[in-house]
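Worksheet: the structure to be examined is printed underneath.
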Amino acid sequence: MGVLRAGLCPGLTQEIVRLLRSRGIKTVVDLVSADLEEVAQKCGLSYKALVAVRRVLLAQSSAFPFNGADVYEELKTSTAILSTGIGRLDKLLDTGLYTGEVTEIVGSPGSGKTQAGALQRIQVVHAFDIFWMLDVLQDLRGTVAQQVISSSGTVKVVVVDSVTAVVSPLLGGQQREGLALMMQLARELKTLARELSVAVVVTNHVTRDRDSGRLKPALGRSWSFVPSTRILLNVGEGAGTSGSERMVCLTKSSRQPTGIQEMIDIGI
């Protein structure tokens with residue numbers, strides 16, 4: 001809500017604005033939260049006129065109300081679920097990758113992150129630093145938006161393999177701009193997913209916690225809020241006898257209980 005000024009709504013004249021400001025009422029918030037009877041007495045204004053002005057300002061400034069049914073219907077029409085091609089992985093992800101969301105695959109080198117995120121009919125673009133990647137994503141956003149307008153075949157999945165490779169060199173030490181660049185990349189990925197109904201898949205490495213010694217996703221706490229869904233690939237004990245089998249654990253999800261596991265075959 002903004003500053004009060006003449007003409008902001010019918011009945012709000014320059015004289016009324018001047019009188020209100022003389023009593024410390026300078027913004028729309030000040031006016032709608034004030035005791036109008038007291039304001040009318042101190043400013044010598046009509047109480048009914050102030051009530052009418054406040055009613056109009058609230059109507060102009062308030063957000064349009066949505067109920068749960070409206071949001072659910074919008075989600076049903078705008079969200080698609082895409083299969084990964086691995087049945088058990090789809091089950092873990094509640095039937096597949098959801099457009100409008102960022103899904104993260106976490107694992108150590110050689111765990112099969114790339115294979116788990118590999119899809120058919122892909123176009124590969126190489127980006128070896130974060131600035132290059134940001135340029136690629138911005139160009140892609142323009143391309144996908146144009147495809148939506150022209151109703152041609154649109155991109156449905158974007159895979160970043162790996163996000164750690166371009167972000168981790170910028171973190172730590174005195175490189176304070178690294179965190180800002182990482183969050184800029186996060187915003188770009190989430191905007192691409194949300195505004196253009198694309199499923200974004202990123203791969204991330206693991207690091208070892210200094211206190212507990214347990215493995216955890218790289219890039220720290222700030223990045224942990226970026227993906228809507230996160231899975232961890234494990235090649236350790238219990239990952240099966242076949243070289244292509246991996247134990248996958250769901251560690252973050254808004255739809256499934258975390259901690260559930262599935263054995264999958266990544267086909268290497």
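Every chain in the structure tokens has a letter given in the order shown (A, B, ...), and although residue numbers restart at 1 in each chain, ligands are simply numbered from 1 in the order shown.
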
Using backbone DSSP assignments, extract all alpha helix (DSSP H) residues from region 82-155 of chain A; output them as a PDB file with C-alpha atoms, in the first residue's frame.
ATOM      1  CA  GLY A  87       9.210 -47.138 -12.458  1.00  0.00           C
ATOM      2  CA  ARG A  88      10.402 -47.323  -8.863  1.00  0.00           C
ATOM      3  CA  LEU A  89      11.880 -43.830  -9.043  1.00  0.00           C
ATOM      4  CA  ASP A  90       8.547 -42.520 -10.302  1.00  0.00           C
ATOM      5  CA  LYS A  91       6.878 -44.225  -7.333  1.00  0.00           C
ATOM      6  CA  LEU A  92       9.278 -42.508  -4.939  1.00  0.00           C
ATOM      7  CA  LYS A 113      23.129 -38.944 -10.705  1.00  0.00           C
ATOM      8  CA  THR A 114      23.508 -38.248 -14.417  1.00  0.00           C
ATOM      9  CA  GLN A 115      21.938 -41.578 -15.418  1.00  0.00           C
ATOM     10  CA  ALA A 116      19.002 -41.071 -13.048  1.00  0.00           C
ATOM     11  CA  GLY A 117      18.371 -37.645 -14.538  1.00  0.00           C
ATOM     12  CA  ILE A 130      27.767 -19.662 -13.435  1.00  0.00           C
ATOM     13  CA  PHE A 131      27.672 -16.585 -15.678  1.00  0.00           C
ATOM     14  CA  TRP A 132      27.515 -18.773 -18.758  1.00  0.00           C
ATOM     15  CA  MET A 133      24.799 -20.877 -17.154  1.00  0.00           C
ATOM     16  CA  LEU A 134      22.710 -17.813 -16.262  1.00  0.00           C
ATOM     17  CA  ASP A 135      22.939 -16.618 -19.870  1.00  0.00           C
ATOM     18  CA  VAL A 136      21.865 -20.044 -21.141  1.00  0.00           C
ATOM     19  CA  LEU A 137      18.889 -20.211 -18.760  1.00  0.00           C
ATOM     20  CA  GLN A 138      17.730 -16.691 -19.641  1.00  0.00           C
ATOM     21  CA  ASP A 139      17.948 -17.502 -23.361  1.00  0.00           C
ATOM     22  CA  LEU A 140      16.063 -20.736 -22.725  1.00  0.00           C
ATOM     23  CA  ARG A 141      13.328 -18.882 -20.845  1.00  0.00           C
ATOM     24  CA  GLY A 142      12.804 -16.619 -23.848  1.00  0.00           C
ATOM     25  CA  THR A 143      12.765 -19.579 -26.228  1.00  0.00           C
ATOM     26  CA  VAL A 144      10.251 -21.561 -24.169  1.00  0.00           C
ATOM     27  CA  ALA A 145       8.014 -18.523 -23.750  1.00  0.00           C
ATOM     28  CA  GLN A 146       7.981 -18.063 -27.525  1.00  0.00           C
ATOM     29  CA  GLN A 147       7.146 -21.742 -28.037  1.00  0.00           C
ATOM     30  CA  VAL A 148       4.209 -21.404 -25.653  1.00  0.00           C
ATOM     31  CA  ILE A 149       2.909 -18.388 -27.585  1.00  0.00           C
ATOM     32  CA  SER A 150       3.256 -20.143 -30.951  1.00  0.00           C
TER      33      SER A 150
END

So which residues touch region 205-222 of chain A within 7 Å, counting only C-alpha atoms, skipping near sequence neighbours fewer than 6 positions away, as number ranges by chain?
-> A: 106-108, 164, 168

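Distances from A:Leu12, A:Val248, A:Leu97, A:Ala80 to Val56 (chain A) were compared using only C-alpha atoms, and the smallest one belongs to A:Leu12.
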
Looking only at the backbone, which of the residues in region 13-253 of chain A does DSSP tag as strand (DSSP E), as a VMD selection string?
-> chain A and resid 81 to 82 97 to 98 102 to 106 157 to 160 199 to 204 206 to 208 215 to 217 229 to 234 245 to 252

Looking at only C-alpha atoms, which of A:Pro109, A:Pro257, A:Gly7, A:Gly44 is the one that sits closest to Ser22 (chain A)?
-> A:Gly44

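For the choices A:Glu188, A:Glu245, A:Asp161, A:Glu37, the atom-to-atom distance to Glu104 (chain A) is smallest for A:Asp161 when using only C-alpha atoms.
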
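In terms of minimum interatomic distance to Gln184 (chain A), A:Val167 ranks closest within A:Val167, A:Ala49, A:Leu93, A:Leu36, counting only C-alpha atoms.
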